[in-house]
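Visitor: Quick one: this structure, given as structure tokens, is what I'll be asking you about.
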Amino acid sequence: MSESNLDLEFTQSEALSLGVELELQIVSRLDGDLTQGATELLALIERRPHRGDFKPEMTESMIEVSTGVHRDSNELGAELLSVRDTLVAEADRLNLLICGGGAHPFQHWAERKIFDKPRFHQLNDLYGYLAKQFTVFGQHIHVGCPNGDEAMFLLHGLSRYIPHFIALSAASPYYQGVDTAFDSSRLNAISAFPLSGRAPLVKRWSEFNEYFHNMQSFGVVESMKDFYWDIRPKPEFGTVEIRICDTPLTVQRATALAAYAQTVCRYLLVERPFLIEESLYAVYTYNRFQAARFGFDGNLIDPGSKTITSLRDDFNATLENLAPHAAELGTSTLLQTLQQAASEGNDARWMRDTFARQRSFGDLVWQQAQLWRNSR
């Protein structure tokens, strides 16, 4: 049997377990611009014992860090802090800075260098200038599922809450030195790729295998990595992967986002609050745009009731529904920090306020790096 005819085996994992990946910016201390440094950083990190995993990304100005598997979001947060400390210490040895944020405020994509790895060169050949424009930075959240059918249920159920994740994580208001008027400009770069956006409404794992093999037969995809959906199954990990978030400016926000994902998933699995059907996606693109453009000041159309409300009010109402599940999971305190962000402003607001005080993008990046270094 050829590889293309083999079924995707969904690895069983513990329900509601968590893992996180973060794409981070490598920045010059001289001017705050992105700079090459991934190869040297990875070489230094390999020489010392450390928690977490460190990998290259599309260009030399990016580095990806990831955690192990955790049941408890606070334990995940502790590992993220350890990973952060390792990365910052080694960056200091190279006179580099590390920071969060979904897009660098003023870098120019044409100056980036593709990381020397076969897959990245392949993507560069395929996508042309889009590959270097893909120097944007996201947080991916993995939630464990015992089987593929449950993963597909969560994938579609989570789609209702994608605007929340966008507004909570938004940290890319500036792009190439311009205020884009978006809270998350990063999503516009990702949307340029084929097979981005939403996944098809496939409810069972056996049906997803049929879909995957069909796409393979067309020559559209070779593996699951070729899907750039906002949410996708990750069968080799046994997870559903939320990919919509900008990389936050702090470890605390990254941890809280993972806690929110875990709590929403428990709510969906226990209460089954709505049917999984195509109507869930009727206003998906509209709600996604509103959250990326306006953050919590945007509108949200509920696909079930067809009512329009503010994204902020919908998020606060969701937190009320999640309260008993947060208590069971021990995520209540972390979710309170997200409620505060919805009220006082997300990372995009912080970036705009910080830039307004100094009118210097270099200083803004410096402040971002200090926030990433010192957050607890």
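Ligands are numbered from 1 in the order shown, chains are lettered A, B, ... in the order of the structure tokens, and residues start at 1 in each chain.
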Show me, as a VMD selection string, the residues that have an atom within 6 Å of range 151-167 of chain A when counting only C-alpha atoms, minus same-chain residues fewer than 5 positions from it.

Guide: chain A and resid 145 203 240 245 288 291 295 to 296

Visitor: Grab the residues selected above and save them as a PDB file, in the first residue's frame with all heavy atoms.

Guide:
```
ATOM      1  N   CYS A 145      -7.027  15.064  22.904  1.00  0.00           N
ATOM      2  CA  CYS A 145      -8.288  14.387  22.589  1.00  0.00           C
ATOM      3  C   CYS A 145      -8.049  12.876  22.614  1.00  0.00           C
ATOM      4  O   CYS A 145      -7.033  12.400  22.103  1.00  0.00           O
ATOM      5  CB  CYS A 145      -8.797  14.781  21.200  1.00  0.00           C
ATOM      6  SG  CYS A 145      -8.983  16.557  20.940  1.00  0.00           S
ATOM      7  N   LYS A 203     -17.176  15.709  10.171  1.00  0.00           N
ATOM      8  CA  LYS A 203     -17.508  15.459  11.566  1.00  0.00           C
ATOM      9  C   LYS A 203     -16.829  14.236  12.167  1.00  0.00           C
ATOM     10  O   LYS A 203     -16.660  14.168  13.384  1.00  0.00           O
ATOM     11  CB  LYS A 203     -19.024  15.312  11.718  1.00  0.00           C
ATOM     12  CG  LYS A 203     -19.807  16.561  11.338  1.00  0.00           C
ATOM     13  CD  LYS A 203     -21.292  16.350  11.588  1.00  0.00           C
ATOM     14  CE  LYS A 203     -22.093  17.563  11.169  1.00  0.00           C
ATOM     15  NZ  LYS A 203     -23.548  17.373  11.432  1.00  0.00           N
ATOM     16  N   VAL A 240      -6.237  18.722  19.066  1.00  0.00           N
ATOM     17  CA  VAL A 240      -6.769  19.744  18.184  1.00  0.00           C
ATOM     18  C   VAL A 240      -5.922  20.988  18.442  1.00  0.00           C
ATOM     19  O   VAL A 240      -5.609  21.315  19.586  1.00  0.00           O
ATOM     20  CB  VAL A 240      -8.273  19.992  18.426  1.00  0.00           C
ATOM     21  CG1 VAL A 240      -8.548  20.454  19.851  1.00  0.00           C
ATOM     22  CG2 VAL A 240      -8.828  20.999  17.428  1.00  0.00           C
ATOM     23  N   CYS A 245      -3.941  32.597  17.127  1.00  0.00           N
ATOM     24  CA  CYS A 245      -3.468  33.647  18.040  1.00  0.00           C
ATOM     25  C   CYS A 245      -2.164  34.292  17.574  1.00  0.00           C
ATOM     26  O   CYS A 245      -1.249  33.601  17.111  1.00  0.00           O
ATOM     27  CB  CYS A 245      -3.231  33.067  19.439  1.00  0.00           C
ATOM     28  SG  CYS A 245      -4.703  32.393  20.220  1.00  0.00           S
ATOM     29  N   ARG A 288     -14.461  36.890  12.250  1.00  0.00           N
ATOM     30  CA  ARG A 288     -12.991  36.843  12.255  1.00  0.00           C
ATOM     31  C   ARG A 288     -12.421  38.209  11.892  1.00  0.00           C
ATOM     32  O   ARG A 288     -11.479  38.699  12.527  1.00  0.00           O
ATOM     33  CB  ARG A 288     -12.530  35.770  11.269  1.00  0.00           C
ATOM     34  CG  ARG A 288     -11.056  35.445  11.205  1.00  0.00           C
ATOM     35  CD  ARG A 288     -10.864  34.383  10.121  1.00  0.00           C
ATOM     36  NE  ARG A 288      -9.540  33.811  10.046  1.00  0.00           N
ATOM     37  CZ  ARG A 288      -8.545  34.283   9.303  1.00  0.00           C
ATOM     38  NH1 ARG A 288      -8.733  35.381   8.580  1.00  0.00           N
ATOM     39  NH2 ARG A 288      -7.376  33.669   9.266  1.00  0.00           N
ATOM     40  N   ALA A 291     -12.928  40.875  14.718  1.00  0.00           N
ATOM     41  CA  ALA A 291     -11.998  40.721  15.831  1.00  0.00           C
ATOM     42  C   ALA A 291     -10.598  41.177  15.461  1.00  0.00           C
ATOM     43  O   ALA A 291      -9.914  41.838  16.258  1.00  0.00           O
ATOM     44  CB  ALA A 291     -11.965  39.262  16.281  1.00  0.00           C
ATOM     45  N   GLY A 295     -10.595  44.365  17.462  1.00  0.00           N
ATOM     46  CA  GLY A 295     -10.415  43.771  18.774  1.00  0.00           C
ATOM     47  C   GLY A 295     -11.753  43.666  19.502  1.00  0.00           C
ATOM     48  O   GLY A 295     -12.777  43.350  18.900  1.00  0.00           O
ATOM     49  N   PHE A 296     -11.743  43.942  20.790  1.00  0.00           N
ATOM     50  CA  PHE A 296     -12.969  43.827  21.580  1.00  0.00           C
ATOM     51  C   PHE A 296     -13.979  44.923  21.291  1.00  0.00           C
ATOM     52  O   PHE A 296     -15.115  44.865  21.776  1.00  0.00           O
ATOM     53  CB  PHE A 296     -12.635  43.777  23.075  1.00  0.00           C
ATOM     54  CG  PHE A 296     -12.162  42.428  23.527  1.00  0.00           C
ATOM     55  CD1 PHE A 296     -10.831  42.211  23.821  1.00  0.00           C
ATOM     56  CD2 PHE A 296     -13.047  41.365  23.625  1.00  0.00           C
ATOM     57  CE1 PHE A 296     -10.388  40.963  24.227  1.00  0.00           C
ATOM     58  CE2 PHE A 296     -12.615  40.115  24.023  1.00  0.00           C
ATOM     59  CZ  PHE A 296     -11.294  39.912  24.332  1.00  0.00           C
TER      60      PHE A 296
END
```

Visitor: Just the residues within 9 Å of His140 in chain A, please, counting only C-alpha atoms, with nothing from its chain fewer than 2 positions along; format it as a list in words.

Guide: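 Here the qualifying residues turn out to be Gly19, Val20, Glu21, Leu22, Glu23, Gly138, His142, Glu241, Ile242, Arg243, Ile244, Cys245, Asp246, Thr247 and Ala258 of chain A.
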
Visitor: Store the residues picked out above in a file with N, CA, C and O atoms, as an mmCIF file, in the first residue's frame.

Guide:
```
data_model
loop_
_atom_site.group_PDB
_atom_site.id
_atom_site.type_symbol
_atom_site.label_atom_id
_atom_site.label_comp_id
_atom_site.auth_asym_id
_atom_site.auth_seq_id
_atom_site.Cartn_x
_atom_site.Cartn_y
_atom_site.Cartn_z
ATOM 1 N N GLY A 19 -0.576 21.735 25.512
ATOM 2 C CA GLY A 19 0.774 22.059 25.073
ATOM 3 C C GLY A 19 0.724 23.350 24.278
ATOM 4 O O GLY A 19 -0.312 23.694 23.691
ATOM 5 N N VAL A 20 1.815 24.074 24.244
ATOM 6 C CA VAL A 20 1.860 25.380 23.586
ATOM 7 C C VAL A 20 3.124 25.503 22.749
ATOM 8 O O VAL A 20 4.200 25.037 23.145
ATOM 9 N N GLU A 21 2.976 26.137 21.577
ATOM 10 C CA GLU A 21 4.103 26.546 20.739
ATOM 11 C C GLU A 21 4.046 28.067 20.587
ATOM 12 O O GLU A 21 2.969 28.631 20.399
ATOM 13 N N LEU A 22 5.205 28.700 20.650
ATOM 14 C CA LEU A 22 5.300 30.154 20.478
ATOM 15 C C LEU A 22 6.380 30.478 19.456
ATOM 16 O O LEU A 22 7.504 29.986 19.558
ATOM 17 N N GLU A 23 6.035 31.299 18.478
ATOM 18 C CA GLU A 23 7.013 31.825 17.520
ATOM 19 C C GLU A 23 7.447 33.205 18.003
ATOM 20 O O GLU A 23 6.600 34.081 18.232
ATOM 21 N N GLY A 138 3.060 33.551 15.794
ATOM 22 C CA GLY A 138 1.809 33.105 16.388
ATOM 23 C C GLY A 138 2.013 32.174 17.569
ATOM 24 O O GLY A 138 3.080 31.593 17.771
ATOM 25 N N HIS A 142 -2.363 23.406 21.773
ATOM 26 C CA HIS A 142 -2.791 22.027 21.546
ATOM 27 C C HIS A 142 -3.617 21.545 22.741
ATOM 28 O O HIS A 142 -3.188 21.663 23.891
ATOM 29 N N GLU A 241 -5.517 21.664 17.358
ATOM 30 C CA GLU A 241 -4.531 22.753 17.446
ATOM 31 C C GLU A 241 -5.172 24.068 17.027
ATOM 32 O O GLU A 241 -5.592 24.236 15.883
ATOM 33 N N ILE A 242 -5.223 25.017 17.956
ATOM 34 C CA ILE A 242 -5.717 26.362 17.681
ATOM 35 C C ILE A 242 -4.532 27.209 17.220
ATOM 36 O O ILE A 242 -3.556 27.378 17.946
ATOM 37 N N ARG A 243 -4.624 27.769 15.999
ATOM 38 C CA ARG A 243 -3.483 28.421 15.369
ATOM 39 C C ARG A 243 -3.735 29.904 15.086
ATOM 40 O O ARG A 243 -2.964 30.545 14.395
ATOM 41 N N ILE A 244 -4.809 30.451 15.607
ATOM 42 C CA ILE A 244 -5.261 31.787 15.221
ATOM 43 C C ILE A 244 -4.563 32.907 15.983
ATOM 44 O O ILE A 244 -4.565 34.057 15.553
ATOM 45 N N CYS A 245 -3.941 32.597 17.127
ATOM 46 C CA CYS A 245 -3.468 33.647 18.040
ATOM 47 C C CYS A 245 -2.164 34.292 17.574
ATOM 48 O O CYS A 245 -1.249 33.601 17.111
ATOM 49 N N ASP A 246 -2.061 35.619 17.724
ATOM 50 C CA ASP A 246 -0.766 36.286 17.707
ATOM 51 C C ASP A 246 0.047 35.795 18.904
ATOM 52 O O ASP A 246 -0.520 35.441 19.946
ATOM 53 N N THR A 247 1.368 35.807 18.779
ATOM 54 C CA THR A 247 2.194 35.575 19.964
ATOM 55 C C THR A 247 2.022 36.751 20.915
ATOM 56 O O THR A 247 2.251 37.907 20.539
ATOM 57 N N ALA A 258 -3.966 29.577 26.828
ATOM 58 C CA ALA A 258 -4.046 28.118 26.874
ATOM 59 C C ALA A 258 -5.103 27.675 27.879
ATOM 60 O O ALA A 258 -5.868 26.732 27.624
#
```

Visitor: From the options A:Ile231, A:Asp353, A:Asp72, A:Val283, which residue's atoms come nearest to Glu328 in chain A, counting only C-alpha atoms?

Guide: A:Asp72

Visitor: So how far away is CA of Phe218 in chain A from CA of Leu126 in chain A, in Å?

Guide: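 Computed distance, CA of Leu126 in chain A to CA of Phe218 in chain A, equals 16.3 Å.
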
Visitor: Identify which of the residues A:Leu371, A:Leu130, A:Leu80, A:Leu8 lies closest to Tyr211 in chain A, counting only C-alpha atoms when measuring atom-to-atom distances.

Guide: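 Of the candidates, the smallest distance to Tyr211 in chain A is held by A:Leu8.
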
Visitor: Of the residues A:Glu150, A:Asp179, A:Asp297, A:Asp226, which is the one nearest to Phe10 in chain A, using only C-alpha atoms?

Guide: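 Closest to Phe10 in chain A of all the choices is A:Glu150.
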
Visitor: What does the distance from CA of Gly100 in chain A to CA of Ala323 in chain A come to in Å, to one decimal?

Guide: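 It comes out at 29.1 Å.
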
Visitor: Give the answer as one residue: which of A:Val27, A:Ile141, A:Val178, A:Val365 has the shortest atom-to-atom distance to Thr67 in chain A, using only C-alpha atoms?

Guide: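 Of A:Val27, A:Ile141, A:Val178, A:Val365, the one nearest Thr67 in chain A, counting only C-alpha atoms, is A:Ile141.
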
Visitor: Distance CA of Glu236 in chain A-CA of Asn124 in chain A, one decimal place?

Guide: 25.3 Å

Visitor: For Ser82 in chain A, which of A:Gln12, A:Ser66, A:Ser28, A:Asn95 is the closest residue, counting only C-alpha atoms?

Guide: A:Ser66

Visitor: Please list as a PyMOL selection string every residue within 10 Å of Thr333 in chain A, counting only C-alpha atoms and excluding residues in the same chain fewer than 6 positions away.

Guide: chain A and resi 256+259+326-327+339

Visitor: For Asp7 in chain A, list every protein, DNA or RNA residue within 9 Å, evaluated using only C-alpha atoms, and leave out those in the same chain fewer than 4 positions away; present the list as a count of residues only.

Guide: 6

Visitor: Pick out the residues sitting within 12 Å of Asn188 in chain A, and hand them over as JSON, numbers by chain; count only C-alpha atoms, and ignore anything fewer than 3 positions along from it in its own chain.

Guide: {"A": [102, 103, 130, 133, 134, 136, 172, 173, 175, 180, 182, 183, 184, 185, 191, 192, 193, 196, 197, 244, 246, 288, 289, 292, 293]}

Visitor: Find the residue from A:Arg349, A:Arg198, A:His325, A:Arg357 that sits nearest to Leu280 in chain A; use only C-alpha atoms when measuring.

Guide: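 Closest to Leu280 in chain A, using only C-alpha atoms: A:Arg198.
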
Visitor: Name all residues at most 10 Å from Gln368 in chain A (count only C-alpha atoms; drop same-chain ones fewer than 3 positions away) and give them as a PDB file with all heavy atoms, in the first residue's frame.

Guide:
```
ATOM      1  N   GLY A  32      16.651  47.670  17.052  1.00  0.00           N
ATOM      2  CA  GLY A  32      15.345  47.072  17.277  1.00  0.00           C
ATOM      3  C   GLY A  32      14.771  46.335  16.082  1.00  0.00           C
ATOM      4  O   GLY A  32      13.661  45.803  16.151  1.00  0.00           O
ATOM      5  N   LEU A  97      18.115  40.424  21.353  1.00  0.00           N
ATOM      6  CA  LEU A  97      16.909  40.538  22.153  1.00  0.00           C
ATOM      7  C   LEU A  97      15.848  39.586  21.613  1.00  0.00           C
ATOM      8  O   LEU A  97      15.834  39.255  20.429  1.00  0.00           O
ATOM      9  CB  LEU A  97      16.363  41.971  22.128  1.00  0.00           C
ATOM     10  CG  LEU A  97      17.235  43.055  22.753  1.00  0.00           C
ATOM     11  CD1 LEU A  97      16.619  44.431  22.511  1.00  0.00           C
ATOM     12  CD2 LEU A  97      17.411  42.811  24.252  1.00  0.00           C
ATOM     13  N   ILE A  98      14.960  39.165  22.507  1.00  0.00           N
ATOM     14  CA  ILE A  98      13.816  38.330  22.145  1.00  0.00           C
ATOM     15  C   ILE A  98      12.546  39.061  22.552  1.00  0.00           C
ATOM     16  O   ILE A  98      12.479  39.644  23.648  1.00  0.00           O
ATOM     17  CB  ILE A  98      13.866  36.961  22.860  1.00  0.00           C
ATOM     18  CG1 ILE A  98      15.172  36.227  22.538  1.00  0.00           C
ATOM     19  CG2 ILE A  98      12.653  36.117  22.498  1.00  0.00           C
ATOM     20  CD1 ILE A  98      15.316  35.813  21.090  1.00  0.00           C
ATOM     21  N   CYS A  99      11.546  39.030  21.680  1.00  0.00           N
ATOM     22  CA  CYS A  99      10.280  39.636  22.082  1.00  0.00           C
ATOM     23  C   CYS A  99       9.103  38.908  21.458  1.00  0.00           C
ATOM     24  O   CYS A  99       9.246  38.168  20.482  1.00  0.00           O
ATOM     25  CB  CYS A  99      10.233  41.134  21.764  1.00  0.00           C
ATOM     26  SG  CYS A  99      10.195  41.553  20.027  1.00  0.00           S
ATOM     27  N   GLY A 100       7.933  39.127  22.052  1.00  0.00           N
ATOM     28  CA  GLY A 100       6.686  38.621  21.521  1.00  0.00           C
ATOM     29  C   GLY A 100       6.090  39.631  20.548  1.00  0.00           C
ATOM     30  O   GLY A 100       6.727  40.591  20.126  1.00  0.00           O
ATOM     31  N   GLY A 101       4.835  39.410  20.213  1.00  0.00           N
ATOM     32  CA  GLY A 101       4.142  40.238  19.230  1.00  0.00           C
ATOM     33  C   GLY A 101       3.867  39.440  17.970  1.00  0.00           C
ATOM     34  O   GLY A 101       4.657  38.571  17.582  1.00  0.00           O
ATOM     35  N   LEU A 249       2.682  39.334  24.222  1.00  0.00           N
ATOM     36  CA  LEU A 249       3.880  40.038  24.670  1.00  0.00           C
ATOM     37  C   LEU A 249       4.440  39.477  25.972  1.00  0.00           C
ATOM     38  O   LEU A 249       5.566  39.814  26.347  1.00  0.00           O
ATOM     39  CB  LEU A 249       3.584  41.528  24.848  1.00  0.00           C
ATOM     40  CG  LEU A 249       3.097  42.284  23.604  1.00  0.00           C
ATOM     41  CD1 LEU A 249       2.893  43.760  23.937  1.00  0.00           C
ATOM     42  CD2 LEU A 249       4.069  42.119  22.441  1.00  0.00           C
ATOM     43  N   THR A 250       3.656  38.633  26.670  1.00  0.00           N
ATOM     44  CA  THR A 250       4.095  38.099  27.959  1.00  0.00           C
ATOM     45  C   THR A 250       3.790  36.618  28.061  1.00  0.00           C
ATOM     46  O   THR A 250       2.872  36.106  27.419  1.00  0.00           O
ATOM     47  CB  THR A 250       3.392  38.813  29.139  1.00  0.00           C
ATOM     48  OG1 THR A 250       1.989  38.532  29.092  1.00  0.00           O
ATOM     49  CG2 THR A 250       3.622  40.319  29.096  1.00  0.00           C
ATOM     50  N   ASP A 347      -2.893  43.531  23.980  1.00  0.00           N
ATOM     51  CA  ASP A 347      -1.502  43.894  23.693  1.00  0.00           C
ATOM     52  C   ASP A 347      -1.398  44.916  22.566  1.00  0.00           C
ATOM     53  O   ASP A 347      -0.476  45.751  22.557  1.00  0.00           O
ATOM     54  CB  ASP A 347      -0.699  42.643  23.325  1.00  0.00           C
ATOM     55  CG  ASP A 347      -0.352  41.791  24.537  1.00  0.00           C
ATOM     56  OD1 ASP A 347      -0.515  42.275  25.671  1.00  0.00           O
ATOM     57  OD2 ASP A 347       0.097  40.642  24.341  1.00  0.00           O
ATOM     58  N   TRP A 350      -1.699  48.195  24.174  1.00  0.00           N
ATOM     59  CA  TRP A 350      -0.456  48.537  24.878  1.00  0.00           C
ATOM     60  C   TRP A 350       0.585  49.039  23.882  1.00  0.00           C
ATOM     61  O   TRP A 350       1.295  50.021  24.150  1.00  0.00           O
ATOM     62  CB  TRP A 350       0.071  47.313  25.631  1.00  0.00           C
ATOM     63  CG  TRP A 350       1.343  47.556  26.385  1.00  0.00           C
ATOM     64  CD1 TRP A 350       1.468  47.964  27.681  1.00  0.00           C
ATOM     65  CD2 TRP A 350       2.687  47.440  25.869  1.00  0.00           C
ATOM     66  NE1 TRP A 350       2.800  48.103  28.019  1.00  0.00           N
ATOM     67  CE2 TRP A 350       3.566  47.784  26.921  1.00  0.00           C
ATOM     68  CE3 TRP A 350       3.221  47.080  24.638  1.00  0.00           C
ATOM     69  CZ2 TRP A 350       4.948  47.779  26.777  1.00  0.00           C
ATOM     70  CZ3 TRP A 350       4.600  47.071  24.485  1.00  0.00           C
ATOM     71  CH2 TRP A 350       5.444  47.412  25.540  1.00  0.00           C
ATOM     72  N   MET A 351       0.710  48.393  22.746  1.00  0.00           N
ATOM     73  CA  MET A 351       1.705  48.788  21.750  1.00  0.00           C
ATOM     74  C   MET A 351       1.405  50.190  21.204  1.00  0.00           C
ATOM     75  O   MET A 351       2.320  51.009  21.046  1.00  0.00           O
ATOM     76  CB  MET A 351       1.753  47.768  20.619  1.00  0.00           C
ATOM     77  CG  MET A 351       2.320  46.417  21.036  1.00  0.00           C
ATOM     78  SD  MET A 351       2.246  45.162  19.724  1.00  0.00           S
ATOM     79  CE  MET A 351       3.498  45.806  18.578  1.00  0.00           C
ATOM     80  N   THR A 354       2.192  52.726  23.964  1.00  0.00           N
ATOM     81  CA  THR A 354       3.634  52.860  24.167  1.00  0.00           C
ATOM     82  C   THR A 354       4.268  53.666  23.041  1.00  0.00           C
ATOM     83  O   THR A 354       5.107  54.550  23.280  1.00  0.00           O
ATOM     84  CB  THR A 354       4.283  51.465  24.256  1.00  0.00           C
ATOM     85  OG1 THR A 354       3.713  50.754  25.358  1.00  0.00           O
ATOM     86  CG2 THR A 354       5.788  51.567  24.453  1.00  0.00           C
ATOM     87  N   GLY A 362      11.751  51.882  17.309  1.00  0.00           N
ATOM     88  CA  GLY A 362      12.867  51.216  17.968  1.00  0.00           C
ATOM     89  C   GLY A 362      12.644  51.108  19.460  1.00  0.00           C
ATOM     90  O   GLY A 362      12.902  50.069  20.072  1.00  0.00           O
ATOM     91  N   ASP A 363      12.143  52.184  20.070  1.00  0.00           N
ATOM     92  CA  ASP A 363      11.857  52.156  21.501  1.00  0.00           C
ATOM     93  C   ASP A 363      10.708  51.203  21.812  1.00  0.00           C
ATOM     94  O   ASP A 363      10.735  50.506  22.832  1.00  0.00           O
ATOM     95  CB  ASP A 363      11.517  53.563  21.990  1.00  0.00           C
ATOM     96  CG  ASP A 363      11.263  53.596  23.487  1.00  0.00           C
ATOM     97  OD1 ASP A 363      12.239  53.478  24.249  1.00  0.00           O
ATOM     98  OD2 ASP A 363      10.082  53.714  23.898  1.00  0.00           O
ATOM     99  N   LEU A 364       9.717  51.158  20.942  1.00  0.00           N
ATOM    100  CA  LEU A 364       8.612  50.232  21.149  1.00  0.00           C
ATOM    101  C   LEU A 364       9.120  48.795  21.214  1.00  0.00           C
ATOM    102  O   LEU A 364       8.741  48.029  22.117  1.00  0.00           O
ATOM    103  CB  LEU A 364       7.579  50.377  20.029  1.00  0.00           C
ATOM    104  CG  LEU A 364       6.479  49.309  19.973  1.00  0.00           C
ATOM    105  CD1 LEU A 364       5.656  49.308  21.258  1.00  0.00           C
ATOM    106  CD2 LEU A 364       5.592  49.528  18.755  1.00  0.00           C
ATOM    107  N   VAL A 365       9.970  48.403  20.279  1.00  0.00           N
ATOM    108  CA  VAL A 365      10.503  47.043  20.270  1.00  0.00           C
ATOM    109  C   VAL A 365      11.335  46.780  21.528  1.00  0.00           C
ATOM    110  O   VAL A 365      11.280  45.701  22.113  1.00  0.00           O
ATOM    111  CB  VAL A 365      11.320  46.787  18.995  1.00  0.00           C
ATOM    112  CG1 VAL A 365      12.003  45.419  19.051  1.00  0.00           C
ATOM    113  CG2 VAL A 365      10.424  46.868  17.764  1.00  0.00           C
ATOM    114  N   LEU A 371       9.392  43.670  28.320  1.00  0.00           N
ATOM    115  CA  LEU A 371       8.149  43.068  28.831  1.00  0.00           C
ATOM    116  C   LEU A 371       8.246  41.542  28.768  1.00  0.00           C
ATOM    117  O   LEU A 371       7.866  40.836  29.698  1.00  0.00           O
ATOM    118  CB  LEU A 371       6.973  43.573  27.999  1.00  0.00           C
ATOM    119  CG  LEU A 371       5.573  43.405  28.592  1.00  0.00           C
ATOM    120  CD1 LEU A 371       5.445  44.156  29.916  1.00  0.00           C
ATOM    121  CD2 LEU A 371       4.526  43.921  27.603  1.00  0.00           C
ATOM    122  N   TRP A 372       8.770  41.024  27.642  1.00  0.00           N
ATOM    123  CA  TRP A 372       8.916  39.579  27.512  1.00  0.00           C
ATOM    124  C   TRP A 372       9.917  39.036  28.534  1.00  0.00           C
ATOM    125  O   TRP A 372       9.692  37.997  29.153  1.00  0.00           O
ATOM    126  CB  TRP A 372       9.378  39.239  26.085  1.00  0.00           C
ATOM    127  CG  TRP A 372       9.615  37.772  25.892  1.00  0.00           C
ATOM    128  CD1 TRP A 372      10.806  37.134  25.808  1.00  0.00           C
ATOM    129  CD2 TRP A 372       8.607  36.755  25.802  1.00  0.00           C
ATOM    130  NE1 TRP A 372      10.620  35.774  25.645  1.00  0.00           N
ATOM    131  CE2 TRP A 372       9.270  35.520  25.634  1.00  0.00           C
ATOM    132  CE3 TRP A 372       7.216  36.780  25.813  1.00  0.00           C
ATOM    133  CZ2 TRP A 372       8.597  34.312  25.520  1.00  0.00           C
ATOM    134  CZ3 TRP A 372       6.539  35.577  25.685  1.00  0.00           C
ATOM    135  CH2 TRP A 372       7.218  34.361  25.549  1.00  0.00           C
ATOM    136  N   ARG A 373      11.006  39.754  28.745  1.00  0.00           N
ATOM    137  CA  ARG A 373      12.062  39.314  29.657  1.00  0.00           C
ATOM    138  C   ARG A 373      11.582  39.279  31.095  1.00  0.00           C
ATOM    139  O   ARG A 373      11.933  38.358  31.853  1.00  0.00           O
ATOM    140  CB  ARG A 373      13.253  40.263  29.535  1.00  0.00           C
ATOM    141  CG  ARG A 373      14.378  40.009  30.544  1.00  0.00           C
ATOM    142  CD  ARG A 373      15.399  41.136  30.488  1.00  0.00           C
ATOM    143  NE  ARG A 373      16.063  41.185  29.187  1.00  0.00           N
ATOM    144  CZ  ARG A 373      17.187  40.548  28.908  1.00  0.00           C
ATOM    145  NH1 ARG A 373      17.801  39.817  29.820  1.00  0.00           N
ATOM    146  NH2 ARG A 373      17.730  40.663  27.716  1.00  0.00           N
TER     147      ARG A 373
END
```

Visitor: Just want the 10 Å neighbourhood of Ser375 in chain A, counted on only C-alpha atoms, with same-chain residues fewer than 6 positions away dropped. Output as a JSON list (two decimals) with C-alpha atoms, in the first residue's frame.

Guide:
```json
[["chain", "number", "residue", "atom", "x", "y", "z"],
["A", 81, "LEU", "CA", 8.81, 30.70, 32.14],
["A", 84, "ARG", "CA", 11.72, 31.93, 28.30],
["A", 249, "LEU", "CA", 3.88, 40.04, 24.67],
["A", 250, "THR", "CA", 4.09, 38.10, 27.96],
["A", 251, "VAL", "CA", 4.30, 34.54, 29.21],
["A", 252, "GLN", "CA", 1.32, 35.22, 31.47],
["A", 253, "ARG", "CA", -0.94, 36.07, 28.52]]
```

Visitor: Check the DSSP output for the backbone and give back, as a ChimeraX atom specification, the residues of range 74-281 of chain A in helix (DSSP H, G or I).

Guide: /A:74-93,109-111,118-127,129-133,148-169,186-191,205-218,224-226,251-271,278-281

Visitor: From the DSSP assignment of the backbone, select every residue of range 27-206 of chain A that is strand (DSSP E or B), and format the answer as an NGL selection string.

Guide: :A and (27-28 or 34 or 53-56 or 59 or 62-66 or 70 or 96-99 or 114 or 138-144 or 172 or 174-175 or 178-179 or 184 or 196-197)
